$ cat input-v4.txt   # compact mmCIF, C-alpha atoms
# COMPACT_ATOMS: atom_id res chain seq x y z
CA MET A 15 106.98 123.42 58.79
CA SER A 16 107.76 126.10 61.36
CA THR A 17 107.30 129.84 60.79
CA GLU A 18 109.13 132.49 62.77
CA VAL A 19 107.25 135.33 64.49
CA ARG A 20 109.46 138.40 64.72
CA VAL A 21 109.23 141.92 66.14
CA PRO A 22 107.71 144.23 63.49
CA THR A 23 109.00 147.68 62.61
CA LEU A 24 108.21 149.82 65.65
CA GLY A 25 108.30 153.27 64.11
CA GLU A 26 110.69 156.15 63.65
CA SER A 27 113.49 156.35 66.27
CA VAL A 28 112.14 153.31 68.18
CA SER A 29 114.59 150.41 68.22
CA GLU A 30 113.32 148.18 71.02
CA ALA A 31 110.22 147.17 72.94
CA THR A 32 109.15 145.17 75.97
CA VAL A 33 107.01 142.04 75.67
CA ALA A 34 103.97 143.05 77.69
CA THR A 35 101.45 140.19 77.34
CA TRP A 36 101.19 136.82 75.61
CA PHE A 37 97.64 135.98 74.59
CA LYS A 38 98.56 132.40 73.69
CA LYS A 39 100.68 129.68 75.26
CA PRO A 40 102.68 126.86 73.63
CA GLY A 41 100.37 124.21 72.19
CA ASP A 42 97.51 126.63 71.48
CA ALA A 43 96.00 126.68 68.01
CA VAL A 44 96.20 130.04 66.23
CA ALA A 45 94.56 131.45 63.12
CA VAL A 46 96.07 133.75 60.52
CA ASP A 47 96.29 137.33 61.88
CA GLU A 48 95.17 136.21 65.34
CA MET A 49 96.92 138.29 68.01
CA LEU A 50 99.72 136.41 69.70
CA CYS A 51 101.23 139.03 71.96
CA GLU A 52 101.42 142.72 72.74
CA LEU A 53 104.62 144.77 72.76
CA GLU A 54 105.08 148.00 74.66
CA THR A 55 107.35 150.70 73.24
CA ASP A 56 108.30 154.13 74.55
CA LYS A 57 105.14 155.63 73.09
CA VAL A 58 102.57 153.03 72.03
CA THR A 59 101.61 149.37 72.30
CA VAL A 60 101.98 147.14 69.26
CA GLU A 61 100.02 143.94 68.68
CA VAL A 62 101.80 141.09 66.92
CA PRO A 63 99.57 138.81 64.81
CA SER A 64 100.28 135.25 63.71
CA PRO A 65 101.58 135.15 60.11
CA VAL A 66 100.12 131.68 59.51
CA ALA A 67 97.51 129.28 60.85
CA GLY A 68 98.78 126.44 62.99
CA THR A 69 100.04 125.80 66.50
CA LEU A 70 102.17 128.02 68.69
CA SER A 71 105.06 125.65 69.22
CA GLU A 72 107.51 127.83 71.14
CA ILE A 73 107.69 131.19 72.88
CA VAL A 74 111.20 132.60 72.64
CA ALA A 75 110.76 136.02 74.28
CA ASN A 76 108.87 135.91 77.55
CA GLU A 77 106.79 138.64 79.18
CA GLY A 78 109.06 141.40 80.48
CA ASP A 79 111.87 140.69 78.01
CA THR A 80 113.35 143.57 76.01
CA VAL A 81 113.49 142.83 72.29
CA GLY A 82 114.82 144.69 69.30
CA VAL A 83 113.34 145.19 65.85
CA ASP A 84 113.18 141.88 63.94
CA ALA A 85 114.07 139.87 67.07
CA LEU A 86 112.58 136.38 67.26
CA LEU A 87 109.45 136.20 69.43
CA ALA A 88 108.04 132.74 68.80
CA GLN A 89 107.70 129.80 66.43
CA VAL A 90 104.40 128.70 64.87
CA SER A 91 104.04 125.22 63.35
CA GLU A 92 101.95 125.54 60.22
CA GLY A 93 98.91 123.35 59.62
CA ASP A 94 96.04 122.18 61.81
CA ALA A 95 96.62 121.96 65.52
CA PRO A 96 97.27 118.40 66.77
CA ALA A 97 94.43 116.59 68.45
CA LYS A 98 96.42 116.33 71.63
CA SER A 99 98.50 119.32 72.58
CA ALA A 100 101.84 119.21 74.27
CA PRO A 101 101.89 118.73 78.06
CA GLU A 102 100.40 121.78 79.73
CA ALA A 103 102.99 124.14 81.10
CA PRO A 104 103.23 127.86 81.72
CA ALA A 105 104.57 129.95 78.89
CA GLU A 106 107.78 130.52 80.77
CA ASP A 107 108.48 126.79 81.27
CA GLY A 108 111.49 125.29 79.63
CA PRO A 109 115.17 124.92 80.39
CA LYS A 110 116.28 127.95 82.36
CA GLU A 111 119.59 128.05 80.54
CA GLN A 112 117.78 128.16 77.19
CA GLN A 113 115.59 131.06 78.33
CA GLU A 114 118.54 133.05 79.60
CA ALA A 115 120.43 132.50 76.37
CA THR A 116 117.37 133.60 74.41
CA ASN A 117 116.96 136.74 76.49
CA VAL A 118 120.52 137.79 75.86
CA SER A 119 120.46 137.05 72.14
CA GLY A 120 117.11 138.81 71.80
CA ASP A 121 118.65 142.09 72.91
CA PRO A 122 120.04 143.83 69.82
CA LYS A 123 122.62 145.58 71.91
CA GLY A 124 123.75 142.46 73.73
CA GLU A 125 123.38 144.20 77.07
CA PRO A 126 121.73 142.82 80.22
CA ALA A 127 118.15 143.92 80.72
CA GLU A 128 118.92 145.23 84.19
CA LYS A 129 121.90 147.11 85.48
CA GLY A 130 124.02 144.83 87.60
CA GLU A 131 122.52 141.65 86.10
CA ALA A 132 124.92 138.73 85.88
CA LYS A 133 126.75 138.56 82.57
CA GLY A 134 126.64 134.78 82.23
CA ASP A 135 130.09 133.11 82.41
CA THR A 136 132.01 136.29 81.53
CA GLU A 137 134.77 136.91 84.04
CA ASP A 138 135.95 140.47 84.67
CA ALA A 139 139.65 141.17 84.51
CA PRO A 140 141.39 140.49 87.88
CA SER A 141 142.92 143.99 87.90
CA ALA A 142 139.45 145.45 87.27
CA LYS A 143 137.90 143.44 90.11
CA LYS A 144 140.64 144.55 92.50
CA LEU A 145 140.18 148.20 91.53
CA MET A 146 136.39 147.96 91.87
CA ALA A 147 136.72 146.39 95.33
CA GLU A 148 139.04 149.20 96.44
CA ASN A 149 136.55 151.85 95.29
CA ASP A 150 133.35 150.10 96.45
CA LEU A 151 132.07 149.51 92.91
CA LYS A 152 130.12 146.56 91.54
CA SER A 153 130.41 145.02 88.11
CA GLY A 154 127.04 146.47 87.16
CA ASP A 155 128.29 149.99 87.93
CA VAL A 156 130.88 149.80 85.17
CA LYS A 157 130.23 149.34 81.45
CA GLY A 158 132.61 146.72 80.15
CA THR A 159 134.28 147.12 76.77
CA GLY A 160 136.04 143.79 76.71
CA LYS A 161 134.92 140.63 74.98
CA ASP A 162 131.32 139.66 75.85
CA GLY A 163 131.04 142.76 78.03
CA ARG A 164 134.04 141.93 80.21
CA VAL A 165 135.03 144.78 82.51
CA MET A 166 138.65 145.86 82.04
CA LYS A 167 140.85 148.01 84.27
CA GLU A 168 140.50 150.91 81.82
CA ASP A 169 136.70 150.71 82.16
CA VAL A 170 136.94 151.08 85.94
CA LEU A 171 139.31 154.03 85.65
CA LYS A 172 136.93 155.70 83.21
CA ALA A 173 134.01 155.18 85.60
CA LEU A 174 136.02 156.64 88.48
CA ASN A 175 136.88 159.70 86.40
CA THR A 176 133.25 160.37 85.49
CA PRO A 177 132.32 163.91 86.58
CA LYS A 178 130.50 164.09 89.86
CA SER A 179 127.65 165.99 88.18
CA ALA A 180 126.76 162.91 86.16
CA GLU A 181 126.60 160.84 89.33
CA ALA A 182 124.52 163.49 91.07
CA SER A 183 121.94 163.33 88.28
CA LYS A 184 121.13 159.74 89.18
CA PRO A 185 118.01 159.20 91.34
CA ALA A 186 118.82 159.07 95.02
CA ALA A 187 118.80 155.62 96.56
CA ARG A 188 115.73 154.76 98.57
CA GLY A 189 116.12 154.99 102.30
CA PRO A 190 115.84 152.00 104.63
CA VAL A 191 112.37 150.59 105.24
CA SER A 192 111.31 148.69 108.34
CA SER A 193 110.44 145.02 107.91
CA ASP A 194 106.84 145.69 108.96
CA ASP A 195 106.41 148.29 106.21
CA ALA A 196 108.25 146.20 103.63
CA ASP A 197 105.73 143.37 104.04
CA ARG A 198 102.93 145.77 103.14
CA GLU A 199 104.60 147.24 100.06
CA GLU A 200 104.39 146.11 96.48
CA ARG A 201 107.22 146.72 94.02
CA VAL A 202 106.09 147.00 90.39
CA LYS A 203 108.48 147.78 87.54
CA MET A 204 107.61 150.98 85.67
CA THR A 205 106.16 150.38 82.23
CA ARG A 206 108.21 151.57 79.29
CA LEU A 207 105.59 154.27 78.64
CA ARG A 208 105.78 155.53 82.22
CA GLN A 209 109.60 155.57 82.09
CA THR A 210 109.45 157.61 78.89
CA ILE A 211 106.94 160.06 80.39
CA ALA A 212 109.19 160.56 83.41
CA ARG A 213 112.31 161.01 81.28
CA ARG A 214 110.74 163.45 78.81
CA LEU A 215 109.14 165.61 81.50
CA LYS A 216 112.42 165.86 83.39
CA GLU A 217 114.27 166.65 80.16
CA ALA A 218 111.80 169.46 79.50
CA GLN A 219 112.54 170.98 82.91
CA ASN A 220 116.29 170.60 82.48
CA THR A 221 116.45 171.93 78.91
CA ALA A 222 113.85 174.68 78.53
CA ALA A 223 113.72 177.96 80.43
CA MET A 224 110.17 177.11 81.44
CA LEU A 225 107.86 179.76 82.84
CA THR A 226 104.10 179.80 83.43
CA THR A 227 101.71 182.74 83.20
CA TYR A 228 98.05 182.68 84.23
CA ASN A 229 94.75 184.30 83.35
CA GLU A 230 91.09 183.53 83.86
CA VAL A 231 88.23 183.38 81.42
CA ASP A 232 84.50 183.89 81.85
CA MET A 233 82.90 180.86 80.20
CA THR A 234 79.38 182.34 80.08
CA ALA A 235 79.32 183.06 76.34
CA VAL A 236 80.78 179.68 75.33
CA MET A 237 78.39 177.78 77.60
CA GLU A 238 75.37 179.69 76.31
CA LEU A 239 76.38 179.16 72.68
CA ARG A 240 77.04 175.48 73.31
CA ASN A 241 73.71 174.94 75.07
CA GLU A 242 71.85 176.71 72.29
CA TYR A 243 73.31 174.74 69.41
CA LYS A 244 74.52 171.42 70.84
CA ALA A 245 71.37 169.49 69.82
CA LEU A 246 71.45 170.82 66.24
CA PHE A 247 75.20 170.32 66.07
CA GLU A 248 75.01 166.66 67.11
CA LYS A 249 72.07 166.01 64.79
CA LYS A 250 73.90 167.39 61.76
CA HIS A 251 77.46 166.27 62.44
CA GLY A 252 76.94 163.12 64.51
CA VAL A 253 79.26 164.27 67.27
CA LYS A 254 78.75 166.22 70.50
CA LEU A 255 79.83 169.84 70.73
CA GLY A 256 82.36 170.06 73.55
CA PHE A 257 84.61 172.75 74.97
CA MET A 258 87.76 171.42 73.31
CA SER A 259 86.80 172.66 69.86
CA PHE A 260 86.31 176.19 71.23
CA PHE A 261 89.69 176.11 72.93
CA THR A 262 91.39 174.65 69.86
CA LYS A 263 89.94 177.38 67.63
CA ALA A 264 90.86 180.06 70.18
CA CYS A 265 94.46 178.77 70.41
CA VAL A 266 94.79 178.63 66.61
CA HIS A 267 93.57 182.22 66.48
CA ALA A 268 96.10 183.32 69.12
CA LEU A 269 99.00 181.35 67.59
CA LYS A 270 98.62 183.28 64.35
CA GLU A 271 99.26 186.51 66.23
CA VAL A 272 102.04 185.10 68.44
CA PRO A 273 103.92 182.61 66.21
CA ASP A 274 106.75 182.20 68.72
CA VAL A 275 104.47 180.00 70.84
CA ASN A 276 104.04 177.70 67.83
CA ALA A 277 107.77 177.51 67.05
CA GLU A 278 110.66 175.40 68.32
CA ILE A 279 114.39 175.74 68.82
CA ASP A 280 116.68 173.61 66.64
CA GLY A 281 120.28 174.19 67.62
CA ASP A 282 120.95 177.88 67.03
CA HIS A 283 117.89 178.28 64.79
CA VAL A 284 114.22 178.99 65.50
CA VAL A 285 111.80 176.98 63.38
CA TYR A 286 108.55 178.86 62.75
CA LYS A 287 105.65 176.68 61.65
CA ASN A 288 103.03 177.93 59.23
CA TYR A 289 100.60 175.28 60.40
CA VAL A 290 99.11 174.11 63.70
CA HIS A 291 99.34 170.45 64.62
CA MET A 292 97.46 170.51 67.91
CA GLY A 293 98.46 168.00 70.59
CA VAL A 294 95.64 167.04 72.95
CA ALA A 295 96.82 165.42 76.19
CA VAL A 296 94.76 162.33 77.06
CA GLY A 297 94.95 160.35 80.29
CA THR A 298 94.94 156.56 79.92
CA PRO A 299 95.30 153.70 82.44
CA ASN A 300 98.95 153.38 81.34
CA GLY A 301 99.83 157.06 81.51
CA LEU A 302 99.52 160.34 79.66
CA VAL A 303 99.69 160.33 75.87
CA VAL A 304 99.43 163.25 73.45
CA PRO A 305 97.77 162.40 70.12
CA VAL A 306 98.07 165.12 67.49
CA ILE A 307 95.26 166.72 65.49
CA ARG A 308 97.07 167.61 62.29
CA ASN A 309 96.27 170.85 60.47
CA ALA A 310 93.86 171.97 63.16
CA ASP A 311 94.13 175.49 61.76
CA SER A 312 92.22 174.41 58.64
CA MET A 313 89.45 172.52 60.48
CA GLY A 314 85.97 173.55 61.49
CA PHE A 315 84.33 172.81 64.85
CA ALA A 316 82.85 169.50 63.68
CA GLU A 317 86.13 168.21 62.23
CA ILE A 318 87.98 169.08 65.43
CA GLU A 319 85.40 167.35 67.66
CA LYS A 320 85.40 164.23 65.46
CA SER A 321 89.20 164.07 65.43
CA ILE A 322 89.45 164.51 69.20
CA ALA A 323 86.80 161.85 69.81
CA GLU A 324 88.53 159.41 67.48
CA MET A 325 91.92 159.96 69.07
CA GLY A 326 90.44 159.64 72.55
CA VAL A 327 88.96 156.22 71.76
CA LYS A 328 92.22 155.02 70.20
CA ALA A 329 94.18 156.24 73.22
CA ARG A 330 91.95 154.45 75.72
CA ASP A 331 92.06 151.25 73.67
CA GLY A 332 95.82 151.41 73.23
CA LYS A 333 95.47 151.65 69.45
CA LEU A 334 97.44 154.85 68.87
CA GLY A 335 100.14 154.51 66.25
CA MET A 336 103.44 156.33 66.09
CA ALA A 337 102.13 158.68 63.40
CA ASP A 338 99.25 159.69 65.70
CA MET A 339 101.63 161.26 68.24
CA GLN A 340 104.36 162.82 66.14
CA GLY A 341 104.80 166.33 64.81
CA GLY A 342 102.74 168.33 67.30
CA SER A 343 103.47 172.07 67.37
CA PHE A 344 101.39 173.10 70.43
CA THR A 345 99.56 171.19 73.17
CA ILE A 346 96.35 171.61 75.18
CA SER A 347 96.00 169.79 78.50
CA ASN A 348 92.59 169.66 80.18
CA GLY A 349 93.12 168.92 83.86
CA GLY A 350 89.68 170.33 84.57
CA VAL A 351 88.02 167.03 83.70
CA TYR A 352 89.64 165.61 86.86
CA GLY A 353 88.65 168.61 89.00
CA SER A 354 91.92 170.55 88.89
CA LEU A 355 91.38 174.21 89.78
CA MET A 356 94.89 175.41 88.87
CA SER A 357 98.17 173.84 87.81
CA SER A 358 101.35 174.55 85.86
CA PRO A 359 101.61 172.20 82.87
CA ILE A 360 105.03 170.96 81.75
CA LEU A 361 106.15 171.50 78.16
CA ASN A 362 105.96 168.69 75.64
CA PRO A 363 109.40 169.04 73.99
CA PRO A 364 110.43 170.29 71.50
CA GLN A 365 107.29 172.46 71.58
CA SER A 366 107.60 175.92 73.14
CA GLY A 367 104.07 176.21 74.57
CA ILE A 368 101.32 174.26 76.33
CA LEU A 369 97.95 175.55 77.54
CA GLY A 370 96.41 174.14 80.70
CA MET A 371 92.62 174.21 81.04
CA HIS A 372 91.03 173.79 84.44
CA LYS A 373 87.76 173.29 86.26
CA ILE A 374 84.86 175.62 85.51
CA GLN A 375 83.79 177.02 88.87
CA GLU A 376 81.17 179.62 89.70
CA ARG A 377 82.70 182.63 91.45
CA PRO A 378 81.50 186.15 92.33
CA MET A 379 82.84 188.63 89.78
CA ALA A 380 82.53 192.40 89.46
CA ILE A 381 80.59 193.03 86.21
CA ASN A 382 79.84 196.68 85.31
CA GLY A 383 80.08 197.71 88.95
CA LYS A 384 77.85 194.88 90.18
CA VAL A 385 78.69 191.51 91.73
CA GLU A 386 77.51 188.61 89.60
CA ILE A 387 78.08 184.86 89.80
CA ARG A 388 79.93 183.71 86.69
CA PRO A 389 81.37 180.36 85.52
CA MET A 390 85.09 181.04 85.59
CA MET A 391 88.08 178.98 84.47
CA TYR A 392 91.77 179.53 85.17
CA LEU A 393 94.08 179.20 82.18
CA ALA A 394 97.81 178.50 82.45
CA LEU A 395 100.32 178.89 79.63
CA SER A 396 103.70 177.28 80.20
CA TYR A 397 106.25 178.42 77.65
CA ASP A 398 109.94 178.28 76.83
CA HIS A 399 111.32 181.69 77.80
CA ARG A 400 114.30 181.14 75.48
CA ILE A 401 112.04 181.80 72.51
CA VAL A 402 108.83 183.30 73.93
CA ASP A 403 109.01 186.65 75.71
CA GLY A 404 106.70 187.57 78.55
CA LYS A 405 104.84 190.03 76.32
CA GLY A 406 104.15 187.31 73.75
CA ALA A 407 102.95 184.86 76.40
CA VAL A 408 100.58 187.40 77.97
CA THR A 409 99.31 188.48 74.54
CA PHE A 410 98.61 184.84 73.64
CA LEU A 411 96.56 184.26 76.80
CA VAL A 412 94.66 187.52 76.37
CA ARG A 413 93.72 186.58 72.79
CA VAL A 414 92.50 183.16 73.96
CA LYS A 415 90.50 184.83 76.72
CA GLU A 416 88.94 187.35 74.33
CA ALA A 417 87.97 184.67 71.80
CA LEU A 418 86.29 182.53 74.46
CA GLU A 419 84.47 185.38 76.16
CA ASP A 420 83.17 186.59 72.78
CA PRO A 421 83.23 183.68 70.27
CA ARG A 422 82.04 186.03 67.51
CA ARG A 423 85.63 187.28 67.33
CA LEU A 424 86.60 183.91 65.84
CA LEU A 425 84.19 184.43 62.97
CA MET A 426 85.42 187.98 62.40
CA ASP A 427 89.10 187.03 62.80
CA LEU A 428 89.58 189.69 65.48
$ encode --input "input-v4.txt" --output "structure tokens"
Amino acid sequence: MSTEVRVPTLGESVSEATVATWFKKPGDAVAVDEMLCELETDKVTVEVPSPVAGTLSEIVANEGDTVGVDALLAQVSEGDAPAKSAPEAPAEDGPKEQQEATNVSGDPKGEPAEKGEAKGDTEDAPSAKKLMAENDLKSGDVKGTGKDGRVMKEDVLKALNTPKSAEASKPAARGPVSSDDADREERVKMTRLRQTIARRLKEAQNTAAMLTTYNEVDMTAVMELRNEYKALFEKKHGVKLGFMSFFTKACVHALKEVPDVNAEIDGDHVVYKNYVHMGVAVGTPNGLVVPVIRNADSMGFAEIEKSIAEMGVKARDGKLGMADMQGGSFTISNGGVYGSLMSSPILNPPQSGILGMHKIQERPMAINGKVEIRPMMYLALSYDHRIVDGKGAVTFLVRVKEALEDPRRLLMDL
């Protein structure tokens, strides 16, 4: 008896994924809940377990294929694995025609995986081909509305009438490369996560009236407080006392005074949030992800540190779920861990503010008329000027600076 392995529900607003890695090949024995493959979505990776014990008899969707929710991935023959497995062959072996048919049927939209990819035996309309040839267009440049994606004359006319601005928004074609350089280059397709990061960051620049304002903070008081209590803190709470909890508490404090930075625009409305779901940007081998610490405004230092540590481990291991990265109202990005001295962070839409932390560096400062060496950090607040005024942005940064330079203000709510 054969059991189908299908794409699981991928989460809210996610309709397709890319098959990243197969851990098994046809003929391999599998146990119940043993991981068969890994799917990569716009935001997270999803592991697909075997629903039954038996033998992986067929892989339908190969690595690199785009699959929709509930699409068929593989077939597992139930029961004990045979003593002698099928002839050894790579996972992608099999009739080429069968694989191509599977790839097309596995796409819920019925569209080719790549622009310009051959559309099987579908023949474009002769009038469409003639018009495309006259205007130096290829079949892949025009979306066909005919049967099986056939390009009709009307489709070509529509493409030709597309506003030039839409064409200008496309990435510029890469310039010619000499044969000597081409031999020393490696072309790797962007992962779905990296494509999403690129798209969302560009959307943020195109949509928001983004502006960045800067300040600097003397980290002496925070560092002294941390050094004094870090051993007791770790002994009692089982987690190290880092700088992120101080910054999270300081931002929560400032967001209460400047709620615009914690709001978002929805059409012609402003949505003010009476809570703080703090996004914490985390770098991973696959790209930047932003897990969310929910209700950070009601947490103490220990709860914040534990939550950040937990999310950091899940991010590095690729175990973040969709719920872990949704609903953030404000974001903190710590480029200082990589040595960044100053930068302008890009908004994480639809949020209206993001705080960039940077490297702590000793610098000479004028303190009470005398020059002293102090551990200083530059802070950068990028904000959406459509909703946050300059006064609000500066006030927010000043409140963060005051809370960090005198942490007692957090206790006194000042």
$ residues_around --input "input-v4.txt" --residues "region 71-88 of chain A" --least-positions-apart "2" --cutoff "6 Å" --atoms "all atoms listed in the file" --output "PyMOL selection string"
chain A and resi 19-23+29-35+40-41+69+90-91+120-122
$ residues_around --input "input-v4.txt" --residues "Gly367 (chain A)" --least-positions-apart "3" --cutoff "8 Å" --atoms "only C-alpha atoms" --output "list in words"
Val275, Asn276, Phe344, Thr345, Leu361, Asn362, Leu395, Ser396, Tyr397 and Asp398 of chain A
$ closest_residue --input "input-v4.txt" --among "A:Ile346, A:Val284, A:Thr17, A:Ser64" --to "Phe37 (chain A)" --atoms "only C-alpha atoms"
A:Ser64
$ residues_near_point --input "input-v4.txt" --point "(82.5, 165.2, 65.6)" --cutoff "9 Å" --atoms "only C-alpha atoms" --output "list in words"
Phe247, Glu248, His251, Gly252, Val253, Lys254, Leu255, Phe315, Ala316, Glu317, Ile318, Glu319, Lys320, Ser321, Ile322, Ala323 and Glu324 of chain A
$ closest_residue --input "input-v4.txt" --among "A:Leu70, A:Leu53, A:Ile279, A:Val294" --to "Ser16 (chain A)" --atoms "all atoms listed in the file"
A:Leu70
$ closest_residue --input "input-v4.txt" --among "A:Val60, A:Ile360, A:Val412, A:Ala268" --to "Ala295 (chain A)" --atoms "all atoms listed in the file"
A:Ile360
$ closest_residue --input "input-v4.txt" --among "A:Trp36, A:Tyr289, A:Phe261, A:Tyr392" --to "Ser357 (chain A)" --atoms "only C-alpha atoms"
A:Tyr392
$ closest_residue --input "input-v4.txt" --among "A:Ala310, A:Val236, A:Val46, A:Leu393" --to "Ala67 (chain A)" --atoms "all atoms listed in the file"
A:Val46
$ closest_residue --input "input-v4.txt" --among "A:Ile211, A:Leu239, A:Thr159, A:Thr59" --to "Leu334 (chain A)" --atoms "only C-alpha atoms"
A:Thr59
$ atom_distance --input "input-v4.txt" --atom1 "CA of Val290 (chain A)" --atom2 "CA of Ser312 (chain A)"
8.6 Å
$ axis_aligned_box --input "input-v4.txt" --around "region 63-73 of chain A" --padding-each-side "5 Å" --output "AutoDock Vina command-line options"
--center_x 102.6 --center_y 132.2 --center_z 66.2 --size_x 20.2 --size_y 23.2 --size_z 23.4
$ atom_distance --input "input-v4.txt" --atom1 "CA of Ser259 (chain A)" --atom2 "CA of Gly349 (chain A)"
15.8 Å
$ residues_around --input "input-v4.txt" --residues "Ile307 (chain A)" --least-positions-apart "4" --cutoff "7 Å" --atoms "only C-alpha atoms" --output "ChimeraX atom specification"
/A:291-293,321
$ closest_atom_pairs --input "input-v4.txt" --of "region 338-421 of chain A" --to "region 262-267 of chain A" --cutoff "9 Å" --atoms "all atoms listed in the file" --output "CSV"
residue,atom,partner,partner_atom,distance
A:Phe344,CA,A:Cys265,CA,9.0
A:Ile346,CA,A:Thr262,CA,7.9
A:Leu369,CA,A:Cys265,CA,8.6
A:Phe410,CA,A:Cys265,CA,8.0
A:Leu411,CA,A:Cys265,CA,8.7
A:Arg413,CA,A:Ala264,CA,7.6
A:Val414,CA,A:Ala264,CA,5.2
A:Lys415,CA,A:Ala264,CA,8.1
A:Glu416,CA,A:Ala264,CA,8.6
A:Ala417,CA,A:Ala264,CA,5.7
A:Leu418,CA,A:Ala264,CA,6.7
A:Pro421,CA,A:Ala264,CA,8.4
$ residues_near_point --input "input-v4.txt" --point "(101.6, 160.2, 83.4)" --cutoff "9 Å" --atoms "all atoms listed in the file" --output "number ranges by chain"
A: 207-208, 211-212, 297-298, 300-303
$ atom_distance --input "input-v4.txt" --atom1 "CA of Gly370 (chain A)" --atom2 "CA of Ser358 (chain A)"
7.2 Å
$ residues_around --input "input-v4.txt" --residues "Leu145 (chain A)" --least-positions-apart "2" --cutoff "12 Å" --atoms "all atoms listed in the file" --output "JSON, numbers by chain"
{"A": [138, 139, 140, 141, 142, 143, 147, 148, 149, 150, 151, 152, 153, 156, 165, 166, 167, 168, 169, 170, 171, 172, 173, 174]}
$ residues_around --input "input-v4.txt" --residues "Thr234 (chain A)" --least-positions-apart "3" --cutoff "12 Å" --atoms "all atoms listed in the file" --output "list in words"
Val231, Met237, Glu238, Leu239, Arg240, Asn241, Ile374, Gln375, Glu376, Arg377, Glu386, Ile387, Arg388, Pro389, Met390, Met391, Lys415, Leu418, Glu419, Asp420 and Pro421 of chain A
$ write_last_selection --input "input-v4.txt" --atoms "C-alpha atoms" --output "PDB file, in the frame of the given file"
ATOM      1  CA  VAL A 231      88.230 183.380  81.420  1.00  0.00           C
ATOM      2  CA  MET A 237      78.390 177.780  77.600  1.00  0.00           C
ATOM      3  CA  GLU A 238      75.370 179.690  76.310  1.00  0.00           C
ATOM      4  CA  LEU A 239      76.380 179.160  72.680  1.00  0.00           C
ATOM      5  CA  ARG A 240      77.040 175.480  73.310  1.00  0.00           C
ATOM      6  CA  ASN A 241      73.710 174.940  75.070  1.00  0.00           C
ATOM      7  CA  ILE A 374      84.860 175.620  85.510  1.00  0.00           C
ATOM      8  CA  GLN A 375      83.790 177.020  88.870  1.00  0.00           C
ATOM      9  CA  GLU A 376      81.170 179.620  89.700  1.00  0.00           C
ATOM     10  CA  ARG A 377      82.700 182.630  91.450  1.00  0.00           C
ATOM     11  CA  GLU A 386      77.510 188.610  89.600  1.00  0.00           C
ATOM     12  CA  ILE A 387      78.080 184.860  89.800  1.00  0.00           C
ATOM     13  CA  ARG A 388      79.930 183.710  86.690  1.00  0.00           C
ATOM     14  CA  PRO A 389      81.370 180.360  85.520  1.00  0.00           C
ATOM     15  CA  MET A 390      85.090 181.040  85.590  1.00  0.00           C
ATOM     16  CA  MET A 391      88.080 178.980  84.470  1.00  0.00           C
ATOM     17  CA  LYS A 415      90.500 184.830  76.720  1.00  0.00           C
ATOM     18  CA  LEU A 418      86.290 182.530  74.460  1.00  0.00           C
ATOM     19  CA  GLU A 419      84.470 185.380  76.160  1.00  0.00           C
ATOM     20  CA  ASP A 420      83.170 186.590  72.780  1.00  0.00           C
ATOM     21  CA  PRO A 421      83.230 183.680  70.270  1.00  0.00           C
TER      22      PRO A 421
END
